[in-house]
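Colleague: Okay, so here is start_9.cif, and as you'll see once you scroll down, it has mmCIF, C-alpha atoms.
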data_coords
#
loop_
_atom_site.label_atom_id
_atom_site.label_comp_id
_atom_site.auth_asym_id
_atom_site.auth_seq_id
_atom_site.Cartn_x
_atom_site.Cartn_y
_atom_site.Cartn_z
CA MET A 31 42.30 -67.46 -53.69
CA ALA A 32 39.52 -69.98 -54.15
CA ASP A 33 39.64 -69.72 -57.95
CA ASP A 34 43.41 -70.24 -57.93
CA GLU A 35 43.02 -73.31 -55.72
CA LEU A 36 40.23 -74.75 -57.88
CA MET A 37 42.18 -74.39 -61.13
CA ILE A 38 45.52 -75.62 -59.87
CA GLY A 39 43.76 -78.45 -58.06
CA HIS A 40 42.16 -79.47 -61.35
CA ARG A 41 45.47 -79.25 -63.19
CA ASN A 42 47.38 -81.23 -60.54
CA SER A 43 44.70 -83.92 -60.56
CA GLU A 44 45.57 -84.52 -64.22
CA TRP A 45 48.71 -86.29 -62.93
CA THR A 46 46.59 -89.03 -61.34
CA GLY A 47 47.59 -92.23 -63.10
CA LEU A 48 50.38 -90.50 -65.04
CA GLY A 49 52.95 -89.59 -62.36
CA PRO A 50 56.56 -90.44 -63.21
CA ILE A 51 56.79 -92.70 -60.13
CA LEU A 52 54.03 -94.03 -57.91
CA GLU A 53 54.86 -91.76 -54.94
CA GLU A 54 54.65 -88.67 -57.14
CA ASP A 55 51.40 -89.81 -58.67
CA ILE A 56 50.00 -90.09 -55.15
CA ALA A 57 51.59 -86.80 -54.07
CA PHE A 58 50.10 -84.76 -56.91
CA SER A 59 46.72 -86.43 -56.43
CA SER A 60 46.77 -85.66 -52.69
CA ILE A 61 47.90 -82.10 -53.26
CA ALA A 62 45.08 -81.68 -55.79
CA GLN A 63 42.60 -83.05 -53.25
CA ASP A 64 43.83 -80.56 -50.64
CA GLN A 65 43.58 -77.69 -53.10
CA ILE A 66 40.02 -78.47 -54.18
CA GLY A 67 39.14 -78.80 -50.47
CA HIS A 68 40.70 -75.43 -49.72
CA ALA A 69 38.79 -73.89 -52.64
CA LEU A 70 35.59 -75.39 -51.23
CA ALA A 71 36.31 -73.92 -47.78
CA ASN A 72 36.89 -70.46 -49.27
CA TYR A 73 33.78 -70.62 -51.50
CA GLY A 74 31.96 -71.68 -48.34
CA LEU A 75 33.09 -68.49 -46.58
CA LEU A 76 31.81 -66.43 -49.53
CA ASN A 77 28.49 -68.22 -49.32
CA GLU A 78 28.17 -67.96 -45.57
CA HIS A 79 29.35 -64.38 -45.04
CA PHE A 80 28.87 -62.54 -48.33
CA GLY A 81 25.69 -63.98 -49.80
CA GLU A 82 27.33 -65.70 -52.77
CA ALA A 83 25.75 -68.84 -54.22
CA ILE A 84 26.60 -72.28 -52.81
CA PRO A 85 30.10 -73.54 -53.68
CA ASP A 86 29.05 -75.88 -56.52
CA VAL A 87 27.26 -73.04 -58.28
CA ILE A 88 30.14 -70.56 -57.86
CA ALA A 89 32.67 -73.15 -58.96
CA PHE A 90 30.87 -74.66 -61.92
CA SER A 91 28.47 -72.12 -63.42
CA ARG A 92 30.49 -68.98 -64.02
CA ASN A 93 31.84 -67.80 -67.36
CA GLU A 94 35.53 -67.62 -68.05
CA LYS A 95 35.54 -63.81 -67.58
CA GLU A 96 34.08 -64.18 -64.10
CA PHE A 97 37.00 -66.21 -62.78
CA HIS A 98 39.67 -64.28 -60.89
CA SER A 99 42.33 -66.95 -60.94
CA SER A 100 45.80 -66.00 -62.13
CA GLN A 101 46.83 -67.17 -65.59
CA PHE A 102 49.59 -69.20 -63.91
CA VAL A 103 47.23 -71.85 -62.55
CA GLU A 104 45.34 -72.48 -65.79
CA LEU A 105 48.42 -73.34 -67.87
CA PRO A 106 48.51 -77.00 -68.97
CA ILE A 107 50.53 -79.41 -66.82
CA GLY A 108 53.38 -79.53 -69.35
CA ASP A 109 56.12 -81.95 -68.41
CA TYR A 110 56.77 -83.08 -64.86
CA ALA A 111 59.46 -80.41 -64.42
CA PHE A 112 56.97 -77.65 -65.22
CA SER A 113 54.26 -79.04 -62.92
CA LEU A 114 56.79 -79.49 -60.14
CA MET A 115 58.15 -75.96 -60.55
CA ARG A 116 54.61 -74.55 -60.60
CA HIS A 117 53.81 -76.55 -57.45
CA PHE A 118 56.92 -75.10 -55.77
CA LEU A 119 56.20 -71.49 -56.79
CA PHE A 120 52.46 -71.71 -56.12
CA ASP A 121 52.52 -73.52 -52.80
CA HIS A 122 55.13 -71.21 -51.29
CA ALA A 123 53.01 -68.20 -52.28
CA GLU A 124 49.90 -69.91 -50.92
CA SER A 125 51.60 -70.88 -47.70
CA ILE A 126 52.88 -67.34 -47.03
CA ARG A 127 49.49 -65.87 -47.98
CA TYR A 128 47.74 -68.05 -45.39
CA ASP A 129 50.46 -67.31 -42.87
CA MET A 130 49.75 -63.58 -43.32
CA LEU A 131 46.00 -64.22 -43.12
CA THR A 132 46.30 -65.84 -39.69
CA LEU A 133 46.48 -62.20 -38.49
CA SER A 134 43.47 -61.09 -40.54
CA SER A 135 40.80 -58.99 -38.82
CA PHE A 136 38.22 -61.14 -40.65
CA ALA A 137 38.07 -63.86 -38.02
CA PRO A 138 36.57 -66.74 -40.09
CA LEU A 139 39.36 -66.38 -42.64
CA ALA A 140 42.04 -66.12 -39.93
CA SER A 141 40.75 -69.33 -38.38
CA LEU A 142 40.71 -71.16 -41.72
CA ALA A 143 44.21 -69.85 -42.43
CA ARG A 144 45.56 -71.30 -39.18
CA LYS A 145 44.16 -74.66 -40.16
CA ILE A 146 45.30 -74.68 -43.79
CA LYS A 147 48.79 -73.43 -42.91
CA GLY A 148 49.74 -76.77 -41.33
CA GLU A 149 48.47 -78.77 -44.32
CA LEU A 150 50.49 -76.61 -46.71
CA LYS A 151 53.65 -77.44 -44.80
CA TYR A 152 53.52 -80.86 -46.46
CA HIS A 153 53.16 -79.23 -49.87
CA THR A 154 56.13 -76.90 -49.53
CA LEU A 155 58.41 -79.54 -47.98
CA HIS A 156 57.52 -81.92 -50.80
CA ALA A 157 58.20 -79.25 -53.43
CA ASP A 158 61.50 -78.18 -51.81
CA LEU A 159 62.74 -81.76 -51.68
CA TRP A 160 62.15 -82.42 -55.38
CA VAL A 161 63.30 -79.02 -56.61
CA LYS A 162 66.58 -79.55 -54.75
CA ARG A 163 66.91 -83.17 -55.79
CA LEU A 164 66.38 -82.47 -59.50
CA GLY A 165 68.15 -79.10 -59.52
CA GLN A 166 71.28 -80.68 -58.02
CA GLY A 167 70.82 -83.89 -60.01
CA MET A 168 72.10 -84.69 -63.46
CA GLU A 169 72.75 -82.23 -66.24
CA GLU A 170 69.45 -83.03 -67.89
CA SER A 171 67.34 -82.78 -64.73
CA HIS A 172 68.99 -79.45 -63.89
CA ALA A 173 68.43 -78.09 -67.40
CA ARG A 174 64.78 -79.13 -67.38
CA MET A 175 64.17 -77.52 -64.00
CA GLN A 176 65.85 -74.28 -65.11
CA THR A 177 63.76 -74.22 -68.30
CA ALA A 178 60.63 -74.82 -66.22
CA LEU A 179 61.57 -71.96 -63.90
CA ASN A 180 62.19 -69.61 -66.83
CA GLU A 181 58.80 -70.47 -68.34
CA ALA A 182 56.87 -70.41 -65.09
CA PHE A 183 58.31 -67.30 -63.48
CA PRO A 184 56.56 -64.52 -65.49
CA TYR A 185 53.24 -66.28 -64.91
CA ALA A 186 54.03 -66.89 -61.23
CA LEU A 187 54.43 -63.13 -60.76
CA GLY A 188 50.84 -62.85 -62.00
CA MET A 189 49.73 -64.38 -58.68
CA PHE A 190 50.61 -61.05 -57.06
CA GLU A 191 48.63 -58.84 -59.43
CA PRO A 192 47.31 -56.03 -57.25
CA SER A 193 43.60 -55.32 -57.21
CA LYS A 194 41.64 -52.13 -56.61
CA TYR A 195 40.69 -53.50 -53.19
CA ASP A 196 44.26 -53.83 -51.90
CA ASP A 197 44.32 -50.49 -50.04
CA GLU A 198 40.99 -51.15 -48.39
CA LEU A 199 41.99 -54.68 -47.34
CA LYS A 200 45.16 -53.29 -45.85
CA SER A 201 43.57 -50.37 -43.99
CA GLU A 202 40.95 -52.73 -42.54
CA ASN A 203 43.74 -55.12 -41.46
CA ILE A 204 42.20 -57.91 -43.50
CA PHE A 205 45.26 -58.58 -45.66
CA GLU A 206 48.65 -56.93 -45.90
CA GLY A 207 48.58 -56.83 -49.70
CA GLU A 208 50.01 -58.48 -52.80
CA THR A 209 53.23 -56.45 -52.84
CA ALA A 210 54.13 -57.50 -49.29
CA LEU A 211 53.30 -61.09 -50.19
CA GLN A 212 55.49 -61.04 -53.29
CA THR A 213 58.44 -59.65 -51.30
CA LYS A 214 58.15 -62.39 -48.67
CA TRP A 215 57.73 -65.01 -51.38
CA LEU A 216 60.93 -63.95 -53.16
CA GLU A 217 62.79 -63.98 -49.83
CA THR A 218 61.59 -67.53 -49.24
CA ILE A 219 62.14 -69.13 -52.64
CA THR A 220 65.46 -67.47 -53.57
CA PRO A 221 67.69 -69.36 -51.08
CA ILE A 222 65.99 -72.68 -51.88
CA LEU A 223 66.51 -72.16 -55.61
CA GLU A 224 70.13 -71.20 -54.97
CA ARG A 225 70.72 -74.44 -53.10
CA ALA A 226 69.20 -76.23 -56.08
CA ASN A 227 71.65 -74.38 -58.38
CA LEU A 228 68.74 -72.70 -60.15
CA GLN A 229 68.64 -69.05 -61.14
CA LEU A 230 65.66 -66.74 -60.98
CA PRO A 231 65.24 -65.02 -64.36
CA LYS A 232 65.80 -61.26 -64.27
CA LEU A 233 62.63 -59.87 -65.73
CA PRO A 234 61.59 -56.47 -67.01
CA ILE A 235 58.44 -55.54 -65.09
CA LYS A 236 56.21 -55.51 -68.19
CA GLU A 237 56.73 -59.21 -68.72
CA ARG A 238 54.68 -60.14 -65.68
CA MET A 239 51.60 -62.03 -66.72
CA TYR A 240 48.89 -59.90 -65.15
CA GLY A 241 45.22 -59.92 -66.13
CA GLY A 242 43.84 -63.07 -64.56
CA ARG A 243 42.56 -61.27 -61.46
CA GLN A 244 40.47 -59.04 -63.77
CA GLY A 245 39.10 -61.92 -65.81
CA TYR A 246 41.56 -61.85 -68.71
CA HIS A 247 42.70 -65.40 -69.31
CA THR A 248 44.79 -67.45 -71.69
CA GLU A 249 43.40 -69.78 -74.33
CA TYR A 250 43.77 -72.62 -71.81
CA LEU A 251 41.09 -71.67 -69.28
CA GLN A 252 37.96 -72.23 -71.38
CA PRO A 253 38.86 -75.83 -72.35
CA LEU A 254 39.68 -76.49 -68.68
CA LEU A 255 36.26 -75.14 -67.62
CA ASP A 256 34.51 -77.16 -70.35
CA GLU A 257 36.09 -80.33 -69.01
CA MET A 258 35.68 -79.50 -65.32
CA THR A 259 31.98 -78.61 -65.62
CA GLU A 260 30.96 -81.26 -68.15
CA VAL A 261 29.22 -83.53 -65.66
CA TYR A 262 27.73 -80.64 -63.66
CA ARG A 263 26.15 -79.18 -66.81
CA LEU A 264 24.36 -82.45 -67.61
CA ASP A 265 22.05 -81.78 -64.68
CA PRO A 266 22.91 -78.76 -62.51
CA ALA A 267 20.13 -79.58 -60.02
CA ALA A 268 21.26 -83.17 -59.39
CA THR A 269 21.92 -84.29 -55.83
CA TRP A 270 25.15 -86.23 -55.30
CA MET B 252 25.43 -86.69 -16.57
CA VAL B 253 24.54 -90.34 -16.90
CA MET B 254 22.79 -89.57 -20.16
CA GLN B 255 25.74 -87.60 -21.41
CA GLN B 256 28.09 -90.49 -20.64
CA HIS B 257 25.71 -92.76 -22.53
CA ILE B 258 25.99 -90.46 -25.59
CA TYR B 259 29.79 -90.48 -25.37
CA ASP B 260 29.68 -94.28 -25.24
CA ILE B 261 27.63 -94.31 -28.45
CA LEU B 262 30.02 -91.83 -30.08
CA ALA B 263 32.87 -94.18 -29.22
CA THR B 264 31.29 -96.65 -31.68
CA VAL B 265 31.28 -94.17 -34.60
CA MET B 266 34.42 -94.96 -36.55
CA ASP B 267 36.51 -93.05 -39.03
CA PRO B 268 35.63 -94.62 -42.42
CA GLU B 269 39.28 -94.41 -43.50
CA ILE B 270 40.75 -95.88 -40.29
CA PRO B 271 37.95 -98.11 -39.02
CA THR B 272 39.53 -98.93 -35.65
CA LEU B 273 39.56 -95.27 -34.61
CA SER B 274 36.42 -93.61 -33.26
CA VAL B 275 35.51 -89.94 -33.35
CA ILE B 276 36.31 -89.89 -29.61
CA ASP B 277 39.79 -91.40 -30.14
CA LEU B 278 40.43 -88.76 -32.82
CA GLY B 279 39.41 -85.91 -30.51
CA MET B 280 36.75 -84.77 -32.98
CA ILE B 281 33.98 -84.19 -30.45
CA THR B 282 34.15 -80.82 -28.71
CA ASP B 283 30.71 -80.63 -27.10
CA VAL B 284 27.68 -82.78 -26.31
CA ARG B 285 24.51 -81.07 -25.13
CA MET B 286 21.10 -82.35 -24.17
CA SER B 287 18.04 -80.17 -24.14
CA ASP B 288 14.29 -80.49 -24.63
CA ASP B 289 14.97 -80.10 -28.36
CA GLY B 290 17.23 -83.13 -28.45
CA VAL B 291 20.95 -83.83 -28.67
CA ARG B 292 23.42 -81.36 -30.12
CA ILE B 293 26.93 -82.49 -30.97
CA ARG B 294 29.81 -80.32 -32.07
CA LEU B 295 32.17 -82.07 -34.48
CA LEU B 296 35.69 -80.81 -35.21
CA PRO B 297 36.78 -81.74 -38.76
CA THR B 298 40.35 -83.03 -39.18
CA PHE B 299 41.88 -82.22 -42.61
CA VAL B 300 40.06 -79.44 -44.54
CA ALA B 301 39.66 -81.59 -47.64
CA CYS B 302 38.88 -84.84 -45.81
CA PRO B 303 36.09 -86.49 -47.81
CA ALA B 304 35.00 -88.49 -44.75
CA THR B 305 33.68 -85.52 -42.75
CA SER B 306 30.18 -85.62 -44.20
CA TYR B 307 29.99 -89.42 -43.74
CA ILE B 308 31.10 -89.11 -40.13
CA LYS B 309 28.49 -86.45 -39.55
CA SER B 310 25.66 -88.60 -40.85
CA ASN B 311 27.05 -91.71 -39.11
CA ILE B 312 26.87 -89.87 -35.78
CA SER B 313 23.22 -88.91 -36.37
CA GLU B 314 22.39 -92.44 -37.42
CA ALA B 315 24.09 -94.06 -34.41
CA LEU B 316 22.26 -91.80 -31.98
CA ARG B 317 18.89 -92.25 -33.69
CA HIS B 318 19.44 -95.98 -33.65
CA ALA B 319 19.98 -95.71 -29.87
CA GLY B 320 16.63 -93.99 -29.49
CA PHE B 321 17.50 -90.29 -29.67
CA GLU B 322 14.91 -88.85 -32.00
CA SER B 323 16.24 -85.39 -32.55
CA VAL B 324 19.97 -85.12 -33.25
CA GLN B 325 21.84 -82.17 -34.62
CA VAL B 326 25.54 -82.30 -35.53
CA ASP B 327 27.23 -78.91 -36.07
CA LEU B 328 30.74 -78.38 -37.35
CA GLU B 329 33.01 -76.78 -34.77
CA THR B 330 34.53 -73.61 -36.18
CA GLU B 331 35.79 -71.98 -32.99
CA MET B 332 38.95 -74.05 -32.86
CA ASN B 333 41.14 -76.09 -35.17
CA TRP B 334 41.88 -79.77 -35.02
CA THR B 335 45.45 -80.95 -34.50
CA SER B 336 46.79 -84.50 -34.34
CA ASP B 337 47.73 -83.74 -30.69
CA ARG B 338 44.02 -84.27 -29.97
CA ILE B 339 44.30 -88.00 -30.73
CA SER B 340 44.03 -89.82 -27.39
CA GLU B 341 46.59 -92.25 -25.93
CA ILE B 342 44.17 -95.10 -26.63
CA GLY B 343 43.78 -93.77 -30.18
CA ARG B 344 47.55 -93.84 -30.68
CA LYS B 345 47.74 -97.45 -29.46
CA LYS B 346 44.88 -98.40 -31.79
CA LEU B 347 46.66 -96.76 -34.72
CA GLU B 348 49.78 -98.83 -34.07
CA ALA B 349 47.77 -102.01 -33.66
CA PHE B 350 46.19 -101.19 -37.04
CA GLY B 351 49.69 -100.98 -38.54
CA LEU B 352 49.86 -97.21 -38.83
CA GLY B 353 52.56 -95.12 -37.17
CA ALA B 354 51.19 -92.61 -34.66
CA PRO B 355 51.83 -88.88 -35.04
CA VAL B 356 54.33 -87.34 -32.60
CA GLN B 357 53.11 -84.53 -30.33
CA ILE B 358 53.78 -81.26 -32.16
CA ASP B 359 52.63 -78.59 -29.68
CA GLY B 360 52.02 -76.15 -32.52
CA VAL B 361 55.38 -76.73 -34.24
CA LEU B 362 55.28 -78.64 -37.50
CA GLY B 363 58.48 -79.08 -39.50
CA LEU B 364 60.47 -81.76 -41.25
CA ASP B 365 61.60 -83.19 -37.88
CA GLN B 366 58.05 -83.91 -36.73
CA ILE B 367 57.07 -85.18 -40.17
CA GLU B 368 60.02 -87.59 -40.43
CA GLN B 369 60.14 -88.77 -36.85
CA VAL B 370 58.02 -91.88 -36.25
CA ALA B 371 58.35 -95.22 -34.52
CA CYS B 372 57.81 -98.30 -36.70
CA PRO B 373 54.37 -99.75 -35.83
CA HIS B 374 55.69 -103.28 -36.49
CA CYS B 375 58.90 -103.46 -34.40
CA GLY B 376 58.87 -100.18 -32.45
CA SER B 377 62.22 -99.01 -33.82
CA SER B 378 62.75 -95.29 -34.30
CA ASN B 379 65.35 -96.00 -37.00
CA THR B 380 62.95 -95.10 -39.82
CA GLU B 381 62.97 -92.83 -42.85
CA ILE B 382 60.28 -91.03 -44.79
CA ARG B 383 59.53 -92.23 -48.32
CA SER B 384 56.70 -89.87 -49.25
CA MET B 385 54.83 -87.09 -47.50
CA PHE B 386 51.63 -88.25 -49.16
CA GLY B 387 50.03 -91.64 -48.72
CA SER B 388 46.87 -93.54 -49.61
CA THR B 389 44.66 -91.00 -47.81
CA LEU B 390 45.16 -87.31 -47.03
CA CYS B 391 46.04 -88.07 -43.41
CA ARG B 392 48.83 -90.59 -44.15
CA SER B 393 52.48 -90.45 -45.17
CA ILE B 394 54.72 -93.35 -46.29
CA HIS B 395 57.75 -94.48 -44.26
CA TYR B 396 60.29 -97.30 -44.16
CA CYS B 397 61.80 -99.07 -41.15
CA LEU B 398 65.56 -99.56 -41.51
CA ASP B 399 65.57 -102.24 -38.79
CA CYS B 400 62.75 -104.60 -39.72
CA LYS B 401 62.90 -103.57 -43.41
CA GLN B 402 59.16 -103.03 -43.65
CA GLY B 403 57.36 -100.19 -45.34
CA PHE B 404 54.50 -98.63 -43.38
CA GLU B 405 52.14 -95.68 -43.36
CA ARG B 406 51.70 -93.25 -40.51
CA PHE B 407 48.97 -90.85 -39.47
CA LYS B 408 50.43 -87.45 -40.25
CA PRO B 409 51.15 -84.97 -37.51
CA LEU B 410 49.19 -81.76 -38.17
#
Translate this file's structure into structure tokens.
Modeller:
Amino acid sequence: MADDELMIGHRNSEWTGLGPILEEDIAFSSIAQDQIGHALANYGLLNEHFGEAIPDVIAFSRNEKEFHSSQFVELPIGDYAFSLMRHFLFDHAESIRYDMLTLSSFAPLASLARKIKGELKYHTLHADLWVKRLGQGMEESHARMQTALNEAFPYALGMFEPSKYDDELKSENIFEGETALQTKWLETITPILERANLQLPKLPIKERMYGGRQGYHTEYLQPLLDEMTEVYRLDPAATW
Amino acid sequence: MVMQQHIYDILATVMDPEIPTLSVIDLGMITDVRMSDDGVRIRLLPTFVACPATSYIKSNISEALRHAGFESVQVDLETEMNWTSDRISEIGRKKLEAFGLGAPVQIDGVLGLDQIEQVACPHCGSSNTEIRSMFGSTLCRSIHYCLDCKQGFERFKPL
């Protein structure tokens, strides 16, 4: 979760100064700020409860293979339609994930989930508004949104790649599991996409872009890490 | 008790760096103040998870209390409960409006488009307003427009 938030936060921040209109520039920058903050909170839980290194070290000093983010979040920002569609697909998944985690038996995560859930409301409402607006808009805006959905969807399914810990998380009532999350996600996004006149691609199961959770990434992650950690690597022990 | 009131009075001078007319008391960020032989312990409830001002506020609280003569001050982050904009006091809401920011409506645990859109214009008081963007110049603000006085304004987001 934290790795996903860190990567997509970095990608969304790339819109700062480049947004198609001022409000969207601000929106993507704010969303990015939230996402990096949520990553920090989750890395903080790992540090506090599971003996992992401090957040800066976990975030900035791992190798590509050690990141468990989905391939979806490391893809370049593409055009605005792609970034917007990714924001829509990602933030709905994230929002439902945190909603499910409010019931987690791991109390610190349940508490964080209750807090983050409200903040994500702004993300999903923002995404819904623009997906509808552009999906129902002109021929070109509709076509670009549909193309973005077709490109993003196989990667988006990679967010729900099951892990070997799923059964244990479920039996311990920590998390209901990726399959349950994916089902709820599809139930949520399908009617919104329909209202936007957009169609979910029908995909053969093998076209899901799995692998990210096990450390298998696309060619885009390493350059992202190089850029993200450039300043940190100059002096890892520096105090900010 | 007198001493505790004195500490609250000092805390009322520690302002939010992003909205400098609003104190940590107005924002409902203080959940506990304790005095013991070891010094003062304050519990601080952060607002937005990614708010960059939290660490500044924390050190500003320590500094204000040290300046007032309290030698040992510890500020811990409150993790037992979550902040909501419903914690902003009545005085805090008035200060927000005087500052030119719309105040958040009471949400009582329900946050949807209605609560996010609904705001009175801080300039003319009209409720005939519309939302322009859910994200503003800081994480805690959204951008709105008043259809009566034709002025754009920001509001503190309900959360």
Colleague: Given the file above and the PyMOL selection byres ((chain A) within 10 of (chain B)), which residues are selected, and can you give them as a PyMOL selection string?
Modeller: chain A and resi 52-71+137-138+141-142+144-149+151-153+155-156
Colleague: Using the chain letters and numbers from this file, what does the PyMOL selection byres ((chain B and resi 261) around 10) select? Give the answer as number ranges by chain.
Modeller: B: 255-260, 262-265, 276, 312, 315-316, 318-319
Colleague: Could you expand the PyMOL selection byres ((chain A and resi 209-220) around 9) into the explicit residues it covers here, written as a list in words?
Modeller: Phe118, Leu119, His122, Ala123, Ile126, Arg127, Met130, Leu187, Met189, Phe190, Glu191, Pro192, Glu206, Gly207, Glu208, Pro221, Ile222, Leu223, Glu224, Arg225, Gln229 and Leu230 of chain A
Colleague: Could you turn the residues from that selection into a file that holds C-alpha atoms, as a CSV table (one decimal), in the frame of the given file?
Modeller:
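Written out: part-v8.csv:
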chain,number,residue,atom,x,y,z
A,118,PHE,CA,56.9,-75.1,-55.8
A,119,LEU,CA,56.2,-71.5,-56.8
A,122,HIS,CA,55.1,-71.2,-51.3
A,123,ALA,CA,53.0,-68.2,-52.3
A,126,ILE,CA,52.9,-67.3,-47.0
A,127,ARG,CA,49.5,-65.9,-48.0
A,130,MET,CA,49.8,-63.6,-43.3
A,187,LEU,CA,54.4,-63.1,-60.8
A,189,MET,CA,49.7,-64.4,-58.7
A,190,PHE,CA,50.6,-61.0,-57.1
A,191,GLU,CA,48.6,-58.8,-59.4
A,192,PRO,CA,47.3,-56.0,-57.2
A,206,GLU,CA,48.6,-56.9,-45.9
A,207,GLY,CA,48.6,-56.8,-49.7
A,208,GLU,CA,50.0,-58.5,-52.8
A,221,PRO,CA,67.7,-69.4,-51.1
A,222,ILE,CA,66.0,-72.7,-51.9
A,223,LEU,CA,66.5,-72.2,-55.6
A,224,GLU,CA,70.1,-71.2,-55.0
A,225,ARG,CA,70.7,-74.4,-53.1
A,229,GLN,CA,68.6,-69.0,-61.1
A,230,LEU,CA,65.7,-66.7,-61.0
Colleague: Give the answer as one residue: which of A:Pro50, A:Gly241, A:Pro184, A:Gly167 has the shortest atom-to-atom distance to Arg116 of chain A, using all atoms listed in the file?
Modeller: A:Pro184
Colleague: Please report the interatomic distance between atom CA of Asp337 of chain B and atom CA of Pro355 of chain B in Å with one decimal.
Modeller: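 Rounded to one decimal, the two atoms are 7.9 Å apart.
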Colleague: Expressed in Å to a single decimal, how great is the separation between atom CA of Asp365 of chain B and atom CA of Glu381 of chain B?
Modeller: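 Value for the atom CA of Asp365 of chain B-atom CA of Glu381 of chain B distance: 10.9 Å.
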Colleague: Which residues are near Lys401 of chain B? Cut-off 12 Å, only C-alpha atoms, ignore same chain within fewer than 2 positions. Put them as a PDB file with C-alpha atoms, keeping the file's coordinate frame.
Modeller:
ATOM      1  CA  CYS B 372      57.810 -98.300 -36.700  1.00  0.00           C
ATOM      2  CA  HIS B 374      55.690-103.280 -36.490  1.00  0.00           C
ATOM      3  CA  CYS B 375      58.900-103.460 -34.400  1.00  0.00           C
ATOM      4  CA  SER B 377      62.220 -99.010 -33.820  1.00  0.00           C
ATOM      5  CA  ASN B 379      65.350 -96.000 -37.000  1.00  0.00           C
ATOM      6  CA  THR B 380      62.950 -95.100 -39.820  1.00  0.00           C
ATOM      7  CA  GLU B 381      62.970 -92.830 -42.850  1.00  0.00           C
ATOM      8  CA  HIS B 395      57.750 -94.480 -44.260  1.00  0.00           C
ATOM      9  CA  TYR B 396      60.290 -97.300 -44.160  1.00  0.00           C
ATOM     10  CA  CYS B 397      61.800 -99.070 -41.150  1.00  0.00           C
ATOM     11  CA  LEU B 398      65.560 -99.560 -41.510  1.00  0.00           C
ATOM     12  CA  ASP B 399      65.570-102.240 -38.790  1.00  0.00           C
ATOM     13  CA  GLY B 403      57.360-100.190 -45.340  1.00  0.00           C
ATOM     14  CA  PHE B 404      54.500 -98.630 -43.380  1.00  0.00           C
TER      15      PHE B 404
END
Colleague: Suppose you want the space between atom CA of Glu368 of chain B and atom CA of Ser336 of chain B; what is it in Å?
Modeller: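 Result for atom CA of Glu368 of chain B versus atom CA of Ser336 of chain B: 14.9 Å, one decimal.
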Colleague: Do you know which residues are at most 12 Å from Thr305 of chain B counting all atoms listed in the file, after dropping those on the same chain fewer than 6 positions away, and could you put them as a ChimeraX atom specification?
Modeller: /A:67 /B:266-269,275,280,295-299,311-312,326-329
Colleague: Which protein, DNA or RNA residues have an atom at most 12 Å from (31.8, -67.9, -46.5), counting all atoms listed in the file? List them as a short mmCIF file (atom, residue, chain, number, x, y, z; two decimals) with C-alpha atoms, keeping the file's coordinate frame.
Modeller:
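In the end it all went to point39.cif:
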data_model
loop_
_atom_site.label_atom_id
_atom_site.label_comp_id
_atom_site.auth_asym_id
_atom_site.auth_seq_id
_atom_site.Cartn_x
_atom_site.Cartn_y
_atom_site.Cartn_z
CA ALA A 32 39.52 -69.98 -54.15
CA ALA A 69 38.79 -73.89 -52.64
CA LEU A 70 35.59 -75.39 -51.23
CA ALA A 71 36.31 -73.92 -47.78
CA ASN A 72 36.89 -70.46 -49.27
CA TYR A 73 33.78 -70.62 -51.50
CA GLY A 74 31.96 -71.68 -48.34
CA LEU A 75 33.09 -68.49 -46.58
CA LEU A 76 31.81 -66.43 -49.53
CA ASN A 77 28.49 -68.22 -49.32
CA GLU A 78 28.17 -67.96 -45.57
CA HIS A 79 29.35 -64.38 -45.04
CA PHE A 80 28.87 -62.54 -48.33
CA GLY A 81 25.69 -63.98 -49.80
CA GLU A 82 27.33 -65.70 -52.77
CA ALA A 83 25.75 -68.84 -54.22
CA ILE A 84 26.60 -72.28 -52.81
CA PRO A 85 30.10 -73.54 -53.68
CA ILE A 88 30.14 -70.56 -57.86
CA PHE A 136 38.22 -61.14 -40.65
CA ALA A 137 38.07 -63.86 -38.02
CA PRO A 138 36.57 -66.74 -40.09
CA LEU A 139 39.36 -66.38 -42.64
CA LEU A 142 40.71 -71.16 -41.72
#
Colleague: Fewer than 4 positions away in the same chain doesn't count, so skip those; otherwise give me all residues within 12 Å of Lys194 of chain A, counting only C-alpha atoms, as a PyMOL selection string.
Modeller: chain A and resi 198-200+207-208+243-244
Colleague: Report as JSON the centre and the edge lengths, in Å to one decimal, of the axis-aligned box holding every listed atom of segment 257-267 of chain A, padded by 4 Å on each side.
Modeller:
{"center_x": 28.1, "center_y": -81.1, "center_z": -64.5, "size_x": 24.0, "size_y": 12.9, "size_z": 17.0}
Colleague: Can you pull out every residue within 8 Å of Ile204 of chain A, counting all atoms listed in the file, but drop anything in the same chain fewer than 6 positions away, and send it as a ChimeraX atom specification?
Modeller: /A:131,133-136
Colleague: Tell me, as JSON, numbers by chain, which residues lie within 9 Å of segment 245-257 of chain A, counting all atoms listed in the file; anything in the same chain fewer than 5 positions away does not count.
Modeller: {"A": [37, 40, 41, 90, 93, 94, 95, 96, 97, 98, 99, 100, 101, 104, 105, 106, 240]}
